[in-house]
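Source file entry.cif; content: mmCIF, C-alpha atoms, pLDDT in the B column; chains and numbers go by the auth columns.
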data_protein
loop_
_atom_site.group_PDB
_atom_site.id
_atom_site.type_symbol
_atom_site.label_atom_id
_atom_site.label_comp_id
_atom_site.label_asym_id
_atom_site.label_seq_id
_atom_site.Cartn_x
_atom_site.Cartn_y
_atom_site.Cartn_z
_atom_site.B_iso_or_equiv
_atom_site.auth_seq_id
_atom_site.auth_asym_id
ATOM 1 C CA MET A 1 0.000 0.000 0.000 43.00 1 A
ATOM 2 C CA MET A 2 1.388 3.355 -0.969 67.00 2 A
ATOM 3 C CA GLY A 3 -0.690 5.397 1.505 89.00 3 A
ATOM 4 C CA LEU A 4 -1.249 8.227 -0.956 95.00 4 A
ATOM 5 C CA ARG A 5 -2.009 11.552 0.642 96.00 5 A
ATOM 6 C CA PHE A 6 -4.829 13.344 -1.125 96.00 6 A
ATOM 7 C CA ASP A 7 -5.239 16.990 -0.064 94.00 7 A
ATOM 8 C CA ASP A 8 -8.136 18.535 1.858 93.00 8 A
ATOM 9 C CA LYS A 9 -10.147 18.641 -1.390 94.00 9 A
ATOM 10 C CA GLY A 10 -9.478 14.958 -2.055 96.00 10 A
ATOM 11 C CA LEU A 11 -7.009 15.710 -4.838 97.00 11 A
ATOM 12 C CA ILE A 12 -3.416 14.828 -5.627 97.00 12 A
ATOM 13 C CA PRO A 13 -1.345 16.741 -8.193 98.00 13 A
ATOM 14 C CA ALA A 14 0.061 14.733 -11.087 98.00 14 A
ATOM 15 C CA VAL A 15 2.905 15.916 -13.298 98.00 15 A
ATOM 16 C CA ILE A 16 2.412 14.574 -16.811 98.00 16 A
ATOM 17 C CA GLN A 17 5.607 13.922 -18.741 98.00 17 A
ATOM 18 C CA ASP A 18 6.134 12.684 -22.290 98.00 18 A
ATOM 19 C CA GLU A 19 7.977 9.422 -21.871 97.00 19 A
ATOM 20 C CA VAL A 20 9.973 9.741 -25.081 95.00 20 A
ATOM 21 C CA SER A 21 10.877 13.442 -25.307 96.00 21 A
ATOM 22 C CA GLY A 22 11.035 13.963 -21.552 97.00 22 A
ATOM 23 C CA ASP A 23 8.987 17.160 -21.959 97.00 23 A
ATOM 24 C CA VAL A 24 6.825 18.103 -19.010 98.00 24 A
ATOM 25 C CA LEU A 25 3.422 18.462 -20.638 98.00 25 A
ATOM 26 C CA THR A 26 1.101 19.661 -17.908 97.00 26 A
ATOM 27 C CA LEU A 27 0.212 19.512 -14.231 98.00 27 A
ATOM 28 C CA CYS A 28 -3.190 18.094 -13.428 97.00 28 A
ATOM 29 C CA TYR A 29 -5.163 16.938 -10.415 97.00 29 A
ATOM 30 C CA MET A 30 -6.678 13.558 -9.709 97.00 30 A
ATOM 31 C CA ASN A 31 -9.121 12.399 -7.095 97.00 31 A
ATOM 32 C CA GLU A 32 -9.106 8.754 -6.144 96.00 32 A
ATOM 33 C CA GLU A 33 -11.591 7.857 -8.866 96.00 33 A
ATOM 34 C CA ALA A 34 -9.572 9.653 -11.556 97.00 34 A
ATOM 35 C CA LEU A 35 -6.440 7.843 -10.433 97.00 35 A
ATOM 36 C CA ARG A 36 -8.206 4.473 -10.452 95.00 36 A
ATOM 37 C CA LYS A 37 -9.536 5.095 -13.943 96.00 37 A
ATOM 38 C CA THR A 38 -6.107 6.251 -15.075 97.00 38 A
ATOM 39 C CA ILE A 39 -4.573 3.005 -13.872 95.00 39 A
ATOM 40 C CA ASP A 40 -7.409 0.706 -14.910 95.00 40 A
ATOM 41 C CA THR A 41 -7.846 2.090 -18.434 96.00 41 A
ATOM 42 C CA GLY A 42 -4.254 3.096 -19.123 97.00 42 A
ATOM 43 C CA LYS A 43 -5.446 6.564 -20.149 98.00 43 A
ATOM 44 C CA VAL A 44 -4.990 9.694 -18.049 98.00 44 A
ATOM 45 C CA HIS A 45 -8.147 10.814 -16.262 98.00 45 A
ATOM 46 C CA VAL A 46 -8.246 14.051 -14.288 98.00 46 A
ATOM 47 C CA TRP A 47 -10.412 16.039 -11.968 97.00 47 A
ATOM 48 C CA ARG A 48 -11.019 19.296 -13.800 92.00 48 A
ATOM 49 C CA ARG A 49 -11.206 21.817 -10.973 88.00 49 A
ATOM 50 C CA SER A 50 -12.668 24.544 -13.173 87.00 50 A
ATOM 51 C CA LYS A 51 -15.492 22.311 -14.369 90.00 51 A
ATOM 52 C CA GLY A 52 -15.871 20.320 -11.156 92.00 52 A
ATOM 53 C CA LYS A 53 -15.914 16.995 -12.946 96.00 53 A
ATOM 54 C CA LEU A 54 -13.924 13.956 -13.862 97.00 54 A
ATOM 55 C CA MET A 55 -12.728 13.812 -17.457 97.00 55 A
ATOM 56 C CA MET A 56 -10.487 11.687 -19.585 97.00 56 A
ATOM 57 C CA LYS A 57 -7.702 13.752 -21.086 96.00 57 A
ATOM 58 C CA GLY A 58 -8.414 14.003 -24.792 94.00 58 A
ATOM 59 C CA GLU A 59 -12.093 13.180 -24.291 93.00 59 A
ATOM 60 C CA THR A 60 -13.123 16.039 -26.556 90.00 60 A
ATOM 61 C CA SER A 61 -9.873 16.821 -28.403 91.00 61 A
ATOM 62 C CA GLY A 62 -8.798 13.270 -29.146 93.00 62 A
ATOM 63 C CA CYS A 63 -5.421 14.066 -27.617 95.00 63 A
ATOM 64 C CA VAL A 64 -5.388 11.066 -25.328 97.00 64 A
ATOM 65 C CA GLN A 65 -2.482 10.368 -22.980 97.00 65 A
ATOM 66 C CA PHE A 66 -1.583 6.673 -22.770 97.00 66 A
ATOM 67 C CA VAL A 67 -0.037 5.784 -19.442 97.00 67 A
ATOM 68 C CA LYS A 68 3.400 4.195 -19.482 97.00 68 A
ATOM 69 C CA LYS A 69 4.327 4.528 -15.827 96.00 69 A
ATOM 70 C CA VAL A 70 2.939 6.087 -12.635 97.00 70 A
ATOM 71 C CA LEU A 71 5.452 7.144 -9.992 97.00 71 A
ATOM 72 C CA VAL A 72 4.874 8.445 -6.483 97.00 72 A
ATOM 73 C CA ASP A 73 7.027 11.013 -4.717 97.00 73 A
ATOM 74 C CA CYS A 74 8.851 10.447 -1.449 95.00 74 A
ATOM 75 C CA GLU A 75 6.108 12.161 0.546 95.00 75 A
ATOM 76 C CA ASN A 76 3.192 10.310 -1.092 96.00 76 A
ATOM 77 C CA ASN A 77 1.531 13.582 -2.033 96.00 77 A
ATOM 78 C CA SER A 78 2.232 13.960 -5.753 98.00 78 A
ATOM 79 C CA LEU A 79 2.464 11.745 -8.817 98.00 79 A
ATOM 80 C CA LEU A 80 4.539 11.647 -11.965 98.00 80 A
ATOM 81 C CA VAL A 81 2.785 10.041 -14.916 98.00 81 A
ATOM 82 C CA LYS A 82 4.887 9.169 -17.941 98.00 82 A
ATOM 83 C CA VAL A 83 2.763 9.038 -21.054 98.00 83 A
ATOM 84 C CA ASP A 84 2.610 8.481 -24.750 97.00 84 A
ATOM 85 C CA GLN A 85 0.847 11.651 -25.921 96.00 85 A
ATOM 86 C CA VAL A 86 -1.491 11.537 -28.928 94.00 86 A
ATOM 87 C CA GLY A 87 -1.363 14.897 -30.691 93.00 87 A
ATOM 88 C CA VAL A 88 -0.599 17.776 -28.364 93.00 88 A
ATOM 89 C CA ALA A 89 -1.090 18.192 -24.613 94.00 89 A
ATOM 90 C CA CYS A 90 -2.188 21.824 -24.480 94.00 90 A
ATOM 91 C CA HIS A 91 -5.612 23.141 -25.415 91.00 91 A
ATOM 92 C CA THR A 92 -3.872 26.077 -27.140 93.00 92 A
ATOM 93 C CA GLY A 93 -2.390 23.711 -29.699 93.00 93 A
ATOM 94 C CA GLU A 94 1.106 23.918 -28.217 94.00 94 A
ATOM 95 C CA GLU A 95 2.879 20.618 -27.531 95.00 95 A
ATOM 96 C CA THR A 96 3.235 21.392 -23.835 96.00 96 A
ATOM 97 C CA CYS A 97 1.389 23.767 -21.519 97.00 97 A
ATOM 98 C CA TYR A 98 4.763 25.289 -20.552 97.00 98 A
ATOM 99 C CA TYR A 99 5.502 27.269 -23.698 96.00 99 A
ATOM 100 C CA ARG A 100 6.114 30.695 -22.160 95.00 100 A
ATOM 101 C CA GLU A 101 9.198 31.752 -20.282 95.00 101 A
ATOM 102 C CA LEU A 102 9.039 33.941 -17.202 91.00 102 A
ATOM 103 C CA LYS A 103 11.628 36.699 -17.236 81.00 103 A
ATOM 104 C CA LYS A 104 12.898 38.800 -14.361 72.00 104 A
ATOM 105 C CA GLY A 105 10.473 41.517 -13.316 64.00 105 A
ATOM 106 C CA ARG A 106 7.453 39.769 -14.791 63.00 106 A
ATOM 107 C CA ILE A 107 6.187 37.911 -11.782 62.00 107 A
ATOM 108 C CA SER A 108 2.781 39.472 -11.273 53.00 108 A
ATOM 109 C CA MET B 1 2.869 40.883 -17.025 44.00 1 B
ATOM 110 C CA MET B 2 2.162 37.187 -16.692 67.00 2 B
ATOM 111 C CA GLY B 3 -0.755 37.548 -14.256 89.00 3 B
ATOM 112 C CA LEU B 4 0.254 34.511 -12.248 95.00 4 B
ATOM 113 C CA ARG B 5 -2.562 32.886 -10.325 96.00 5 B
ATOM 114 C CA PHE B 6 -1.505 31.942 -6.825 96.00 6 B
ATOM 115 C CA ASP B 7 -4.005 29.692 -5.016 94.00 7 B
ATOM 116 C CA ASP B 8 -6.155 30.550 -1.995 93.00 8 B
ATOM 117 C CA LYS B 9 -3.136 29.949 0.248 94.00 9 B
ATOM 118 C CA GLY B 10 -0.980 32.296 -1.847 96.00 10 B
ATOM 119 C CA LEU B 11 0.980 29.424 -3.396 97.00 11 B
ATOM 120 C CA ILE B 12 1.748 28.222 -6.894 97.00 12 B
ATOM 121 C CA PRO B 13 3.032 24.707 -7.632 98.00 13 B
ATOM 122 C CA ALA B 14 6.381 24.444 -9.391 98.00 14 B
ATOM 123 C CA VAL B 15 7.593 21.318 -11.162 98.00 15 B
ATOM 124 C CA ILE B 16 11.369 21.088 -10.864 98.00 16 B
ATOM 125 C CA GLN B 17 13.103 19.386 -13.775 98.00 17 B
ATOM 126 C CA ASP B 18 16.779 18.623 -14.346 98.00 18 B
ATOM 127 C CA GLU B 19 17.652 20.557 -17.453 97.00 19 B
ATOM 128 C CA VAL B 20 20.221 18.071 -18.703 95.00 20 B
ATOM 129 C CA SER B 21 18.733 14.657 -17.896 96.00 21 B
ATOM 130 C CA GLY B 22 15.126 15.778 -18.263 97.00 22 B
ATOM 131 C CA ASP B 23 14.277 13.962 -15.023 97.00 23 B
ATOM 132 C CA VAL B 24 11.409 15.439 -13.038 98.00 24 B
ATOM 133 C CA LEU B 25 13.010 15.935 -9.630 98.00 25 B
ATOM 134 C CA THR B 26 10.245 17.176 -7.381 97.00 26 B
ATOM 135 C CA LEU B 27 7.089 19.251 -7.087 98.00 27 B
ATOM 136 C CA CYS B 28 7.297 22.206 -4.743 97.00 28 B
ATOM 137 C CA TYR B 29 5.266 25.272 -3.854 97.00 29 B
ATOM 138 C CA MET B 30 6.239 28.911 -4.026 97.00 30 B
ATOM 139 C CA ASN B 31 4.624 32.007 -2.646 97.00 31 B
ATOM 140 C CA GLU B 32 5.363 35.300 -4.353 96.00 32 B
ATOM 141 C CA GLU B 33 8.408 35.934 -2.177 96.00 33 B
ATOM 142 C CA ALA B 34 9.862 32.478 -2.886 97.00 34 B
ATOM 143 C CA LEU B 35 9.365 33.028 -6.598 97.00 35 B
ATOM 144 C CA ARG B 36 11.000 36.445 -6.467 95.00 36 B
ATOM 145 C CA LYS B 37 13.986 35.047 -4.583 96.00 37 B
ATOM 146 C CA THR B 38 14.195 32.150 -7.031 97.00 38 B
ATOM 147 C CA ILE B 39 14.379 34.543 -9.932 95.00 39 B
ATOM 148 C CA ASP B 40 16.563 37.172 -8.265 95.00 40 B
ATOM 149 C CA THR B 41 19.153 34.767 -6.836 96.00 41 B
ATOM 150 C CA GLY B 42 19.024 32.106 -9.550 97.00 42 B
ATOM 151 C CA LYS B 43 18.531 29.441 -6.873 98.00 43 B
ATOM 152 C CA VAL B 44 15.239 27.657 -6.182 98.00 44 B
ATOM 153 C CA HIS B 45 13.439 28.922 -3.088 98.00 45 B
ATOM 154 C CA VAL B 46 10.274 27.244 -1.861 98.00 46 B
ATOM 155 C CA TRP B 47 7.512 27.643 0.644 97.00 47 B
ATOM 156 C CA ARG B 48 7.776 24.534 2.818 92.00 48 B
ATOM 157 C CA ARG B 49 4.175 23.831 3.718 88.00 49 B
ATOM 158 C CA SER B 50 5.077 21.345 6.449 87.00 50 B
ATOM 159 C CA LYS B 51 7.358 23.852 8.170 90.00 51 B
ATOM 160 C CA GLY B 52 5.399 26.974 7.278 92.00 52 B
ATOM 161 C CA LYS B 53 8.439 28.861 6.108 96.00 53 B
ATOM 162 C CA LEU B 54 10.430 29.985 3.123 97.00 54 B
ATOM 163 C CA MET B 55 13.604 28.038 2.432 97.00 55 B
ATOM 164 C CA MET B 56 16.250 27.834 -0.231 97.00 56 B
ATOM 165 C CA LYS B 57 16.444 24.328 -1.660 96.00 57 B
ATOM 166 C CA GLY B 58 19.724 22.860 -0.440 94.00 58 B
ATOM 167 C CA GLU B 59 19.942 25.332 2.422 93.00 59 B
ATOM 168 C CA THR B 60 20.801 22.562 4.850 90.00 60 B
ATOM 169 C CA SER B 61 21.831 19.715 2.514 91.00 61 B
ATOM 170 C CA GLY B 62 23.964 21.758 0.118 93.00 62 B
ATOM 171 C CA CYS B 63 21.948 20.291 -2.764 95.00 63 B
ATOM 172 C CA VAL B 64 21.195 23.643 -4.361 97.00 64 B
ATOM 173 C CA GLN B 65 19.132 23.928 -7.548 97.00 65 B
ATOM 174 C CA PHE B 66 20.495 26.542 -9.956 97.00 66 B
ATOM 175 C CA VAL B 67 17.766 27.990 -12.126 97.00 67 B
ATOM 176 C CA LYS B 68 18.193 27.715 -15.880 97.00 68 B
ATOM 177 C CA LYS B 69 14.698 28.610 -17.009 96.00 69 B
ATOM 178 C CA VAL B 70 11.291 29.362 -15.480 97.00 70 B
ATOM 179 C CA LEU B 71 8.240 28.562 -17.599 97.00 71 B
ATOM 180 C CA VAL B 72 4.576 29.297 -16.960 97.00 72 B
ATOM 181 C CA ASP B 73 1.697 27.077 -17.991 97.00 73 B
ATOM 182 C CA CYS B 74 -1.152 28.124 -20.263 96.00 74 B
ATOM 183 C CA GLU B 75 -3.445 28.821 -17.316 95.00 75 B
ATOM 184 C CA ASN B 76 -0.911 30.843 -15.300 96.00 76 B
ATOM 185 C CA ASN B 77 -1.353 28.593 -12.302 96.00 77 B
ATOM 186 C CA SER B 78 1.739 26.402 -12.320 98.00 78 B
ATOM 187 C CA LEU B 79 5.438 26.731 -13.094 98.00 79 B
ATOM 188 C CA LEU B 80 8.115 24.551 -14.610 98.00 80 B
ATOM 189 C CA VAL B 81 11.608 25.334 -13.373 98.00 81 B
ATOM 190 C CA LYS B 82 14.513 23.801 -15.258 98.00 82 B
ATOM 191 C CA VAL B 83 17.549 23.497 -13.039 98.00 83 B
ATOM 192 C CA ASP B 84 21.118 22.423 -12.689 97.00 84 B
ATOM 193 C CA GLN B 85 20.943 20.193 -9.617 96.00 85 B
ATOM 194 C CA VAL B 86 23.880 20.026 -7.209 94.00 86 B
ATOM 195 C CA GLY B 87 23.983 16.540 -5.665 93.00 87 B
ATOM 196 C CA VAL B 88 20.573 14.938 -5.399 93.00 88 B
ATOM 197 C CA ALA B 89 17.081 16.420 -5.231 93.00 89 B
ATOM 198 C CA CYS B 90 15.462 14.089 -2.705 94.00 90 B
ATOM 199 C CA HIS B 91 16.027 14.139 1.021 91.00 91 B
ATOM 200 C CA THR B 92 16.142 10.326 0.940 93.00 92 B
ATOM 201 C CA GLY B 93 19.332 10.449 -1.087 93.00 93 B
ATOM 202 C CA GLU B 94 17.613 9.397 -4.311 94.00 94 B
ATOM 203 C CA GLU B 95 18.268 11.514 -7.395 95.00 95 B
ATOM 204 C CA THR B 96 14.598 12.340 -7.825 97.00 96 B
ATOM 205 C CA CYS B 97 11.647 12.247 -5.432 97.00 97 B
ATOM 206 C CA TYR B 98 9.820 9.993 -7.918 97.00 98 B
ATOM 207 C CA TYR B 99 11.714 6.768 -7.360 96.00 99 B
ATOM 208 C CA ARG B 100 8.789 4.437 -6.620 96.00 100 B
ATOM 209 C CA GLU B 101 6.390 3.062 -9.168 95.00 101 B
ATOM 210 C CA LEU B 102 2.685 2.707 -8.468 91.00 102 B
ATOM 211 C CA LYS B 103 1.305 -0.625 -9.578 81.00 103 B
ATOM 212 C CA LYS B 104 -2.281 -1.606 -10.225 72.00 104 B
ATOM 213 C CA GLY B 105 -4.244 -2.238 -7.055 65.00 105 B
ATOM 214 C CA ARG B 106 -1.899 -0.190 -4.879 64.00 106 B
ATOM 215 C CA ILE B 107 -3.657 3.142 -4.898 62.00 107 B
ATOM 216 C CA SER B 108 -4.495 3.568 -1.255 54.00 108 B
#
Would you give me this structure, written as structure tokens?
Amino acid sequence: MMGLRFDDKGLIPAVIQDEVSGDVLTLCYMNEEALRKTIDTGKVHVWRRSKGKLMMKGETSGCVQFVKKVLVDCENNSLLVKVDQVGVACHTGEETCYYRELKKGRIS
Amino acid sequence: MMGLRFDDKGLIPAVIQDEVSGDVLTLCYMNEEALRKTIDTGKVHVWRRSKGKLMMKGETSGCVQFVKKVLVDCENNSLLVKVDQVGVACHTGEETCYYRELKKGRIS
């Protein structure tokens, strides 16, 4: 038993990484059901906080993320999911959600 | 201005990735001050939730993370920090905090 520590909203953050390129694609949140579905189906499922519902990544876009490996951090309170990404990860059409660089003096 | 969205506790999650190996090292949290110090000093600073204080990564262990690049996600609510890691990232002595794999049936 891994004794995962979900937060006070019942969520655990999951870093999604492209297994081949090593690119960090996005950070998402899973509740226990989303994590179970992710593991059982082999496709990333997330709790969309803005919509307040469970969704499969790529459910509408077709950009499914096939799970290759799920890792747990040393404190049992975050996950790293290595995936095979169909299409692109970001809803903007970019390959990863992290496509903008933060420069000095541009924090807020 | 990036219009970063800190959460209701004033924190933003930051994925820390080794710039050379591509390994995801850890997930940490920054408040605005930690982010400013990270950018101004070029060394990762975090808000340690368990201790309730701001710390420089490696402050006690010497395992400093030198910042190479700070990226913002498409929703302005998470960061990806690419670093040059001195020593190891995890307090257990492992290179990354994600050194254990989650297998089917071992969720909770």
Could you give me, as an NGL selection string, the residues within 10 Å of region 73-82 of chain A, counting only C-alpha atoms and dropping anything in the same chain fewer than 4 positions from it?
(:A and (2-7 or 11-20 or 22-25 or 27-30 or 35 or 38 or 44 or 65-69)) or (:B and (24-28 or 90-92 or 94 or 96-102))
Please produce a file of those selected residues containing C-alpha atoms, as a compact mmCIF listing (two decimals), in the frame of the given file.
# COMPACT_ATOMS: atom_id res chain seq x y z
CA MET A 2 1.39 3.36 -0.97
CA GLY A 3 -0.69 5.40 1.50
CA LEU A 4 -1.25 8.23 -0.96
CA ARG A 5 -2.01 11.55 0.64
CA PHE A 6 -4.83 13.34 -1.12
CA ASP A 7 -5.24 16.99 -0.06
CA LEU A 11 -7.01 15.71 -4.84
CA ILE A 12 -3.42 14.83 -5.63
CA PRO A 13 -1.34 16.74 -8.19
CA ALA A 14 0.06 14.73 -11.09
CA VAL A 15 2.90 15.92 -13.30
CA ILE A 16 2.41 14.57 -16.81
CA GLN A 17 5.61 13.92 -18.74
CA ASP A 18 6.13 12.68 -22.29
CA GLU A 19 7.98 9.42 -21.87
CA VAL A 20 9.97 9.74 -25.08
CA GLY A 22 11.04 13.96 -21.55
CA ASP A 23 8.99 17.16 -21.96
CA VAL A 24 6.82 18.10 -19.01
CA LEU A 25 3.42 18.46 -20.64
CA LEU A 27 0.21 19.51 -14.23
CA CYS A 28 -3.19 18.09 -13.43
CA TYR A 29 -5.16 16.94 -10.42
CA MET A 30 -6.68 13.56 -9.71
CA LEU A 35 -6.44 7.84 -10.43
CA THR A 38 -6.11 6.25 -15.08
CA VAL A 44 -4.99 9.69 -18.05
CA GLN A 65 -2.48 10.37 -22.98
CA PHE A 66 -1.58 6.67 -22.77
CA VAL A 67 -0.04 5.78 -19.44
CA LYS A 68 3.40 4.20 -19.48
CA LYS A 69 4.33 4.53 -15.83
CA VAL B 24 11.41 15.44 -13.04
CA LEU B 25 13.01 15.94 -9.63
CA THR B 26 10.24 17.18 -7.38
CA LEU B 27 7.09 19.25 -7.09
CA CYS B 28 7.30 22.21 -4.74
CA CYS B 90 15.46 14.09 -2.70
CA HIS B 91 16.03 14.14 1.02
CA THR B 92 16.14 10.33 0.94
CA GLU B 94 17.61 9.40 -4.31
CA THR B 96 14.60 12.34 -7.82
CA CYS B 97 11.65 12.25 -5.43
CA TYR B 98 9.82 9.99 -7.92
CA TYR B 99 11.71 6.77 -7.36
CA ARG B 100 8.79 4.44 -6.62
CA GLU B 101 6.39 3.06 -9.17
CA LEU B 102 2.68 2.71 -8.47
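With all atoms listed in the file as the atoms that count, the residue of B:Lys103, B:Glu32, B:Glu59, B:Val64 with the shortest distance to Asp84 (chain B) is B:Val64.
For the pair CA of Lys104 (chain B) and CA of Ala89 (chain A), the separation is 24.5 Å.
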Among the residues A:Ala34, A:Ile39, A:Gly58, A:Lys9, the one that comes closest to chain B [using all atoms listed in the file]:
A:Ile39
Would you compute the distance between CA of Val86 (chain B) and CA of Asp40 (chain B)? Give it in Å to one decimal.
18.7 Å
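Here CA of Gly42 (chain A) stands at a distance of 10.6 Å from CA of Met56 (chain A).
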Centre, x/y/z edge lengths, axis-aligned box for region 62-69 of chain B with 3 Å per side, as AutoDock Vina command-line options:
--center_x 19.3 --center_y 24.5 --center_z -8.4 --size_x 15.3 --size_y 14.3 --size_z 23.1
From B:Lys57, B:Lys51, B:Lys37, B:His45, residue lying nearest Gln85 (chain B) [all atoms listed in the file]:
B:Lys57
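Proximity ranking of A:Val72, A:Gly10, A:Lys43, A:Arg48 relative to chain B places A:Val72 first, based on all atoms listed in the file.
Distances to chain A were evaluated for B:Arg36, B:Lys53, B:Asn31, B:Gly87 using all atoms listed in the file, and the minimum falls at B:Arg36.
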Restricting the calculation to all atoms listed in the file, which member of B:Glu33, B:Val46, B:Leu54, B:Thr60 is positioned closest to chain A?
B:Glu33
